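> Structure file work-v5.pdb (PDB, C-alpha atoms) right here:
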```
ATOM      1  CA  SER A   1     -23.666  28.908 -32.480
ATOM      2  CA  ALA A   2     -27.213  29.945 -31.505
ATOM      3  CA  SER A   3     -29.286  29.934 -28.365
ATOM      4  CA  LEU A   4     -33.083  29.554 -28.248
ATOM      5  CA  SER A   5     -35.631  29.809 -25.462
ATOM      6  CA  LEU A   6     -38.173  27.007 -25.961
ATOM      7  CA  PRO A   7     -41.270  25.855 -24.048
ATOM      8  CA  SER A   8     -40.370  23.119 -21.551
ATOM      9  CA  ASP A   9     -43.151  20.866 -22.943
ATOM     10  CA  LEU A  10     -41.917  20.993 -26.553
ATOM     11  CA  ARG A  11     -41.620  17.834 -28.627
ATOM     12  CA  THR A  12     -40.511  18.293 -32.229
ATOM     13  CA  SER A  13     -38.118  16.990 -34.842
ATOM     14  CA  TYR A  14     -35.245  18.641 -36.657
ATOM     15  CA  GLN A  15     -32.470  18.089 -39.173
ATOM     16  CA  LEU A  16     -29.150  19.854 -39.609
ATOM     17  CA  CYS A  17     -28.813  21.544 -43.013
ATOM     18  CA  ALA A  18     -25.178  22.574 -43.405
ATOM     19  CA  VAL A  19     -25.292  24.622 -46.611
ATOM     20  CA  ARG A  20     -21.679  25.305 -47.492
ATOM     21  CA  ASP A  21     -21.380  24.512 -51.188
ATOM     22  CA  GLY A  22     -21.348  27.266 -53.812
ATOM     23  CA  PRO A  23     -24.566  26.399 -55.678
ATOM     24  CA  LEU A  24     -26.773  26.933 -52.588
ATOM     25  CA  ARG A  25     -25.017  29.866 -50.876
ATOM     26  CA  GLY A  26     -25.910  33.460 -51.610
ATOM     27  CA  ARG A  27     -29.071  32.807 -53.624
ATOM     28  CA  GLN A  28     -32.486  34.226 -52.780
ATOM     29  CA  LEU A  29     -34.470  31.884 -50.515
ATOM     30  CA  ASP A  30     -37.388  31.197 -52.867
ATOM     31  CA  ASP A  31     -39.458  27.981 -52.865
ATOM     32  CA  ASP A  32     -37.039  26.136 -55.166
ATOM     33  CA  ARG A  33     -33.952  27.056 -53.140
ATOM     34  CA  TRP A  34     -35.759  26.216 -49.876
ATOM     35  CA  GLY A  35     -36.410  22.722 -51.278
ATOM     36  CA  GLU A  36     -32.723  22.370 -52.139
ATOM     37  CA  VAL A  37     -31.667  23.440 -48.631
ATOM     38  CA  LEU A  38     -34.079  20.978 -46.995
ATOM     39  CA  ALA A  39     -32.724  18.191 -49.200
ATOM     40  CA  THR A  40     -29.316  18.581 -47.493
ATOM     41  CA  GLY A  41     -30.737  17.830 -44.026
ATOM     42  CA  MET A  42     -29.165  15.130 -41.887
ATOM     43  CA  PRO A  43     -29.982  13.800 -38.410
ATOM     44  CA  ASP A  44     -27.969  15.233 -35.539
ATOM     45  CA  PRO A  45     -25.022  12.840 -35.003
ATOM     46  CA  THR A  46     -24.978  13.685 -31.268
ATOM     47  CA  ASN A  47     -28.650  12.768 -30.720
ATOM     48  CA  PRO A  48     -29.545   9.041 -30.806
ATOM     49  CA  SER A  49     -33.306   9.732 -30.754
ATOM     50  CA  THR A  50     -34.657   9.844 -34.329
ATOM     51  CA  LEU A  51     -37.832   9.477 -36.353
ATOM     52  CA  VAL A  52     -37.946   6.763 -38.988
ATOM     53  CA  GLU A  53     -36.794   7.565 -42.511
ATOM     54  CA  SER A  54     -39.127   9.270 -44.984
ATOM     55  CA  CYS A  55     -41.366  11.078 -42.534
ATOM     56  CA  THR A  56     -39.765  14.536 -42.646
ATOM     57  CA  TYR A  57     -40.901  17.210 -45.081
ATOM     58  CA  GLY A  58     -38.232  18.060 -47.618
ATOM     59  CA  ASN A  59     -35.930  15.123 -46.984
ATOM     60  CA  PRO A  60     -36.330  11.333 -46.843
ATOM     61  CA  ARG A  61     -33.520  10.851 -44.279
ATOM     62  CA  PRO A  62     -34.286  10.415 -40.560
ATOM     63  CA  ALA A  63     -34.835  13.482 -38.398
ATOM     64  CA  SER A  64     -33.652  13.932 -34.834
ATOM     65  CA  ILE A  65     -36.226  14.218 -32.056
ATOM     66  CA  LEU A  66     -36.130  17.073 -29.557
ATOM     67  CA  GLU A  67     -38.145  16.149 -26.475
ATOM     68  CA  LEU A  68     -37.980  18.527 -23.505
ATOM     69  CA  PRO A  69     -38.634  17.416 -19.897
ATOM     70  CA  ASP A  70     -42.281  18.468 -19.645
ATOM     71  CA  ALA A  71     -43.393  17.046 -23.002
ATOM     72  CA  LEU A  72     -46.637  15.142 -22.571
ATOM     73  CA  PRO A  73     -46.417  11.329 -22.565
ATOM     74  CA  GLN A  74     -47.543   9.480 -25.701
ATOM     75  CA  PRO A  75     -49.305   6.354 -24.365
ATOM     76  CA  TRP A  76     -51.288   5.758 -27.576
ATOM     77  CA  HIS A  77     -48.459   6.098 -30.100
ATOM     78  CA  ALA A  78     -47.030   2.555 -30.215
ATOM     79  CA  ARG A  79     -49.038  -0.196 -31.851
ATOM     80  CA  ARG A  80     -50.587  -2.582 -29.314
ATOM     81  CA  PRO A  81     -51.454  -6.184 -30.151
ATOM     82  CA  ASP A  82     -54.656  -6.014 -28.066
ATOM     83  CA  ALA A  83     -56.153  -3.048 -29.952
ATOM     84  CA  PRO A  84     -58.406  -4.013 -32.894
ATOM     85  CA  ARG A  85     -56.927  -2.737 -36.150
ATOM     86  CA  GLY A  86     -58.568  -0.370 -38.568
ATOM     87  CA  THR A  87     -57.862  -0.374 -42.301
ATOM     88  CA  VAL A  88     -55.821   2.019 -44.438
ATOM     89  CA  THR A  89     -56.502   2.178 -48.185
ATOM     90  CA  ARG A  90     -54.713   4.306 -50.781
ATOM     91  CA  HIS A  91     -56.656   6.208 -53.451
ATOM     92  CA  GLU A  92     -55.795   8.246 -56.540
ATOM     93  CA  LEU A  93     -58.117  11.169 -57.132
ATOM     94  CA  GLY A  94     -58.671  12.932 -60.439
ATOM     95  CA  ALA A  95     -57.310  12.004 -63.815
ATOM     96  CA  GLY A  96     -53.865  11.966 -65.338
ATOM     97  CA  GLU A  97     -50.665  10.685 -63.792
ATOM     98  CA  ASP A  98     -49.122  14.144 -63.297
ATOM     99  CA  GLU A  99     -52.354  15.771 -62.128
ATOM    100  CA  SER A 100     -53.842  13.129 -59.841
ATOM    101  CA  SER A 101     -53.938  13.560 -56.082
ATOM    102  CA  VAL A 102     -53.104  10.754 -53.657
ATOM    103  CA  VAL A 103     -54.777  10.153 -50.304
ATOM    104  CA  SER A 104     -54.883   7.278 -47.852
ATOM    105  CA  VAL A 105     -58.082   6.692 -45.884
ATOM    106  CA  TYR A 106     -58.137   5.190 -42.397
ATOM    107  CA  THR A 107     -61.373   3.485 -41.367
ATOM    108  CA  PRO A 108     -61.832   2.160 -37.816
ATOM    109  CA  PRO A 109     -62.217  -1.506 -36.858
ATOM    110  CA  GLY A 110     -65.611  -2.859 -37.931
ATOM    111  CA  TYR A 111     -66.353   0.143 -40.172
ATOM    112  CA  ARG A 112     -69.322  -0.165 -42.532
ATOM    113  CA  SER A 113     -70.222   2.680 -44.873
ATOM    114  CA  ASP A 114     -73.960   1.912 -44.600
ATOM    115  CA  ARG A 115     -74.025   2.840 -40.886
ATOM    116  CA  THR A 116     -74.234   6.255 -39.246
ATOM    117  CA  PRO A 117     -71.648   8.621 -40.766
ATOM    118  CA  LEU A 118     -68.504   9.102 -38.693
ATOM    119  CA  PRO A 119     -66.496  12.273 -37.998
ATOM    120  CA  VAL A 120     -63.727  12.889 -40.539
ATOM    121  CA  SER A 121     -60.226  14.093 -39.749
ATOM    122  CA  VAL A 122     -57.995  15.420 -42.569
ATOM    123  CA  LEU A 123     -54.220  15.191 -42.069
ATOM    124  CA  PHE A 124     -51.814  16.750 -44.543
ATOM    125  CA  ASP A 125     -48.377  15.246 -45.281
ATOM    126  CA  GLY A 126     -50.174  11.899 -45.307
ATOM    127  CA  GLY A 127     -47.119   9.960 -46.464
ATOM    128  CA  SER A 128     -45.310  10.980 -43.294
ATOM    129  CA  TRP A 129     -48.300  10.030 -41.126
ATOM    130  CA  ARG A 130     -48.405   6.598 -42.778
ATOM    131  CA  VAL A 131     -44.692   6.016 -42.148
ATOM    132  CA  LEU A 132     -45.238   6.998 -38.495
ATOM    133  CA  ASP A 133     -48.201   4.548 -38.343
ATOM    134  CA  VAL A 134     -50.781   7.088 -37.196
ATOM    135  CA  ALA A 135     -53.359   4.314 -37.684
ATOM    136  CA  ALA A 136     -51.955   2.671 -34.531
ATOM    137  CA  THR A 137     -52.688   5.860 -32.590
ATOM    138  CA  PHE A 138     -56.258   5.961 -33.904
ATOM    139  CA  ASP A 139     -56.741   2.260 -33.099
ATOM    140  CA  ASN A 140     -55.434   2.714 -29.547
ATOM    141  CA  LEU A 141     -57.488   5.846 -28.850
ATOM    142  CA  ILE A 142     -60.657   4.148 -30.107
ATOM    143  CA  ALA A 143     -59.930   0.929 -28.156
ATOM    144  CA  ASP A 144     -59.494   2.959 -24.940
ATOM    145  CA  ASP A 145     -62.688   4.971 -25.594
ATOM    146  CA  ILE A 146     -60.688   8.212 -25.649
ATOM    147  CA  ILE A 147     -62.232   9.172 -28.999
ATOM    148  CA  GLU A 148     -65.223   7.851 -30.904
ATOM    149  CA  PRO A 149     -64.484   5.967 -34.139
ATOM    150  CA  ILE A 150     -63.390   8.302 -36.932
ATOM    151  CA  VAL A 151     -62.465   8.227 -40.592
ATOM    152  CA  ALA A 152     -59.123   9.921 -41.328
ATOM    153  CA  VAL A 153     -58.026  11.176 -44.741
ATOM    154  CA  LEU A 154     -54.226  11.343 -45.036
ATOM    155  CA  VAL A 155     -53.413  13.679 -47.931
ATOM    156  CA  GLU A 156     -50.187  12.568 -49.634
ATOM    157  CA  SER A 157     -50.215  14.841 -52.676
ATOM    158  CA  ILE A 158     -52.482  17.396 -54.302
ATOM    159  CA  ARG A 159     -52.774  17.382 -58.102
ATOM    160  CA  GLY A 160     -49.336  15.968 -58.745
ATOM    161  CA  ALA A 161     -47.512  18.010 -56.096
ATOM    162  CA  ALA A 162     -44.345  16.249 -55.014
ATOM    163  CA  ARG A 163     -44.272  14.832 -51.522
ATOM    164  CA  PHE A 164     -41.030  16.654 -50.790
ATOM    165  CA  GLY A 165     -40.361  20.047 -52.284
ATOM    166  CA  PRO A 166     -41.781  23.439 -53.092
ATOM    167  CA  SER A 167     -44.857  22.237 -55.007
ATOM    168  CA  ARG A 168     -46.188  20.924 -51.675
ATOM    169  CA  VAL A 169     -46.234  24.447 -50.248
ATOM    170  CA  ARG A 170     -47.981  25.865 -53.331
ATOM    171  CA  SER A 171     -50.621  23.137 -53.347
ATOM    172  CA  LEU A 172     -51.468  23.681 -49.658
ATOM    173  CA  THR A 173     -51.520  27.494 -49.755
ATOM    174  CA  HIS A 174     -53.038  28.346 -53.150
ATOM    175  CA  PRO A 175     -56.853  28.477 -52.814
ATOM    176  CA  ALA A 176     -57.418  27.671 -56.512
ATOM    177  CA  LEU A 177     -55.662  24.305 -56.013
ATOM    178  CA  PHE A 178     -56.484  23.552 -52.407
ATOM    179  CA  MET A 179     -60.222  24.263 -52.131
ATOM    180  CA  PRO A 180     -61.362  22.282 -55.218
ATOM    181  CA  PHE A 181     -59.192  19.365 -54.080
ATOM    182  CA  LEU A 182     -60.639  19.409 -50.582
ATOM    183  CA  LEU A 183     -64.279  19.827 -51.602
ATOM    184  CA  GLU A 184     -64.690  18.258 -55.049
ATOM    185  CA  GLU A 185     -62.183  15.563 -56.086
ATOM    186  CA  GLN A 186     -63.419  11.984 -56.371
ATOM    187  CA  PRO A 187     -61.517   8.665 -56.466
ATOM    188  CA  SER A 188     -60.478   7.328 -59.859
ATOM    189  CA  ARG A 189     -61.798   3.912 -60.795
ATOM    190  CA  GLY A 190     -59.754   0.982 -59.539
ATOM    191  CA  SER A 191     -57.413   3.194 -57.515
ATOM    192  CA  ALA A 192     -57.978   1.851 -54.010
ATOM    193  CA  GLY A 193     -55.707  -0.683 -52.424
ATOM    194  CA  ALA A 194     -55.256  -1.885 -48.876
ATOM    195  CA  GLN A 195     -51.984  -0.963 -47.216
TER
END
```
Could you write out this structure as structure tokens?


Amino acid sequence: SASLSLPSDLRTSYQLCAVRDGPLRGRQLDDDRWGEVLATGMPDPTNPSTLVESCTYGNPRPASILELPDALPQPWHARRPDAPRGTVTRHELGAGEDESSVVSVYTPPGYRSDRTPLPVSVLFDGGSWRVLDVAATFDNLIADDIIEPIVAVLVESIRGAARFGPSRVRSLTHPALFMPFLLEEQPSRGSAGAQ
């Protein structure tokens, strides 16, 4: 049993990783083993509040939500029928199935590329953001004039890095992989598709 002191406005998610079997116990906690431990994660059976499946790093199962009393409200999170909808398209960048990167691009309602350029927001773990429907949040914020229209790039994978697992950490923390991806990669032909 453990006890933690947490900020009263914390909102986060968690999974329980009960590592009891022989193959995972007692080994050094390197990137590969960390991926194996995360793969054992399960939602907390005593907490009915969960995120949808496939939005947690390291494990496609649901995660439990921890929401303390002073956590800020989330009035723009849920999709609203009155908010005009932007578009999300998926793109493969680079060449080669094992080496290509995958991003999804959100464009706001009424977006035209021949108009004034818009601010760009880059979100990593893009697959998780898509599952959580972050586009609804952008649509609602824009509809309420909280933010100006933006383009958002949701990075799903970098040069073949798996969505869940240790290659994700390497691709996001190794400058030789990360910087060229962020600054130089271009869409492959015929790779876009509306989602």

> Using the chain letters and residue numbers of this document, give as a ChimeraX atom specification the residues selected by the PyMOL selection byres ((chain A and resi 14-20) around 6).

/A:13,21,40-43,63-64

> Can you write just those residues out, C-alpha atoms, as a CSV table (one decimal), in the coordinates of the input?


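Below you can see selection-v1.csv, which holds the result:
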```
chain,number,residue,atom,x,y,z
A,13,SER,CA,-38.1,17.0,-34.8
A,21,ASP,CA,-21.4,24.5,-51.2
A,40,THR,CA,-29.3,18.6,-47.5
A,41,GLY,CA,-30.7,17.8,-44.0
A,42,MET,CA,-29.2,15.1,-41.9
A,43,PRO,CA,-30.0,13.8,-38.4
A,63,ALA,CA,-34.8,13.5,-38.4
A,64,SER,CA,-33.7,13.9,-34.8
```

> With all atoms listed in the file as the basis for distance, which of A:Val102, A:Leu132, A:Met179, A:Leu6 is at the shortest distance from Thr89 in chain A?

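Using all atoms listed in the file, Thr89 in chain A sits closest to A:Val102.
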
> Step by step, work through what the PyMOL selection byres ((chain A and resi 39) around 9) selects in the shown file, and finish by giving those residues as a tab-separated table (two decimals) with C-alpha atoms, keeping the file's coordinate frame.


```
chain	number	residue	atom	x	y	z
A	17	CYS	CA	-28.81	21.54	-43.01
A	34	TRP	CA	-35.76	26.22	-49.88
A	35	GLY	CA	-36.41	22.72	-51.28
A	36	GLU	CA	-32.72	22.37	-52.14
A	37	VAL	CA	-31.67	23.44	-48.63
A	38	LEU	CA	-34.08	20.98	-47.00
A	40	THR	CA	-29.32	18.58	-47.49
A	41	GLY	CA	-30.74	17.83	-44.03
A	42	MET	CA	-29.16	15.13	-41.89
A	58	GLY	CA	-38.23	18.06	-47.62
A	59	ASN	CA	-35.93	15.12	-46.98
A	60	PRO	CA	-36.33	11.33	-46.84
A	61	ARG	CA	-33.52	10.85	-44.28
A	164	PHE	CA	-41.03	16.65	-50.79
A	165	GLY	CA	-40.36	20.05	-52.28
```

> Name the closest residue to Ala83 in chain A among the candidates A:Val134, A:Asp114, A:Ile142, A:Ala71; distances are taken between atoms, counting all atoms listed in the file.

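Closest to Ala83 in chain A, using all atoms listed in the file: A:Ile142.
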
> Can you pull out every residue within 12 Å of Pro73 in chain A, counting all atoms listed in the file, but drop anything in the same chain fewer than 6 positions away, and send it as a count of residues only?

4

> Could you model all heavy atoms for range 117-128 of chain A and present them as a tab-separated table (two decimals), in the coordinates of the input?


```tsv
chain	number	residue	atom	x	y	z
A	117	PRO	N	-72.91	7.98	-40.37
A	117	PRO	CA	-71.65	8.62	-40.77
A	117	PRO	C	-70.78	8.94	-39.56
A	117	PRO	O	-71.27	9.26	-38.48
A	117	PRO	CB	-72.11	9.91	-41.46
A	117	PRO	CG	-73.52	9.67	-41.84
A	117	PRO	CD	-74.08	8.72	-40.82
A	118	LEU	N	-69.47	8.83	-39.76
A	118	LEU	CA	-68.50	9.10	-38.69
A	118	LEU	C	-67.84	10.46	-38.90
A	118	LEU	O	-67.77	10.95	-40.03
A	118	LEU	CB	-67.43	8.01	-38.67
A	118	LEU	CG	-67.89	6.59	-38.39
A	118	LEU	CD1	-66.72	5.62	-38.47
A	118	LEU	CD2	-68.57	6.51	-37.03
A	119	PRO	N	-67.29	11.04	-37.84
A	119	PRO	CA	-66.50	12.27	-38.00
A	119	PRO	C	-65.29	12.00	-38.90
A	119	PRO	O	-64.77	10.87	-38.94
A	119	PRO	CB	-66.03	12.60	-36.58
A	119	PRO	CG	-66.89	11.80	-35.67
A	119	PRO	CD	-67.37	10.62	-36.44
A	120	VAL	N	-64.86	13.02	-39.63
A	120	VAL	CA	-63.73	12.89	-40.54
A	120	VAL	C	-62.61	13.83	-40.09
A	120	VAL	O	-62.86	15.00	-39.79
A	120	VAL	CB	-64.13	13.23	-41.99
A	120	VAL	CG1	-62.92	13.22	-42.91
A	120	VAL	CG2	-65.18	12.25	-42.49
A	121	SER	N	-61.41	13.30	-40.05
A	121	SER	CA	-60.23	14.09	-39.75
A	121	SER	C	-59.35	14.11	-41.00
A	121	SER	O	-59.12	13.07	-41.61
A	121	SER	CB	-59.47	13.47	-38.57
A	121	SER	OG	-58.30	14.19	-38.29
A	122	VAL	N	-58.86	15.29	-41.40
A	122	VAL	CA	-58.00	15.42	-42.57
A	122	VAL	C	-56.60	15.78	-42.08
A	122	VAL	O	-56.41	16.78	-41.39
A	122	VAL	CB	-58.52	16.49	-43.55
A	122	VAL	CG1	-57.58	16.63	-44.74
A	122	VAL	CG2	-59.93	16.16	-44.01
A	123	LEU	N	-55.61	14.95	-42.45
A	123	LEU	CA	-54.22	15.19	-42.07
A	123	LEU	C	-53.40	15.39	-43.33
A	123	LEU	O	-53.42	14.55	-44.24
A	123	LEU	CB	-53.65	14.01	-41.29
A	123	LEU	CG	-54.06	13.82	-39.84
A	123	LEU	CD1	-55.50	13.36	-39.73
A	123	LEU	CD2	-53.15	12.83	-39.16
A	124	PHE	N	-52.69	16.50	-43.40
A	124	PHE	CA	-51.81	16.75	-44.54
A	124	PHE	C	-50.45	16.12	-44.29
A	124	PHE	O	-50.13	15.72	-43.19
A	124	PHE	CB	-51.73	18.25	-44.82
A	124	PHE	CG	-53.07	18.80	-45.20
A	124	PHE	CD1	-53.86	19.45	-44.28
A	124	PHE	CD2	-53.58	18.61	-46.48
A	124	PHE	CE1	-55.12	19.92	-44.62
A	124	PHE	CE2	-54.84	19.07	-46.83
A	124	PHE	CZ	-55.61	19.72	-45.90
A	125	ASP	N	-49.63	16.00	-45.33
A	125	ASP	CA	-48.38	15.25	-45.28
A	125	ASP	C	-48.67	13.80	-44.92
A	125	ASP	O	-48.03	13.18	-44.07
A	125	ASP	CB	-47.38	15.87	-44.30
A	125	ASP	CG	-46.93	17.25	-44.75
A	125	ASP	OD1	-46.73	17.43	-45.97
A	125	ASP	OD2	-46.79	18.14	-43.91
A	126	GLY	N	-49.68	13.24	-45.60
A	126	GLY	CA	-50.17	11.90	-45.31
A	126	GLY	C	-49.14	10.80	-45.43
A	126	GLY	O	-49.20	9.81	-44.70
A	127	GLY	N	-48.18	10.97	-46.34
A	127	GLY	CA	-47.12	9.96	-46.46
A	127	GLY	C	-46.32	9.85	-45.18
A	127	GLY	O	-45.98	8.75	-44.74
A	128	SER	N	-46.04	10.98	-44.57
A	128	SER	CA	-45.31	10.98	-43.29
A	128	SER	C	-46.14	10.32	-42.19
A	128	SER	O	-45.63	9.54	-41.39
A	128	SER	CB	-44.96	12.41	-42.89
A	128	SER	OG	-44.11	13.01	-43.84
```
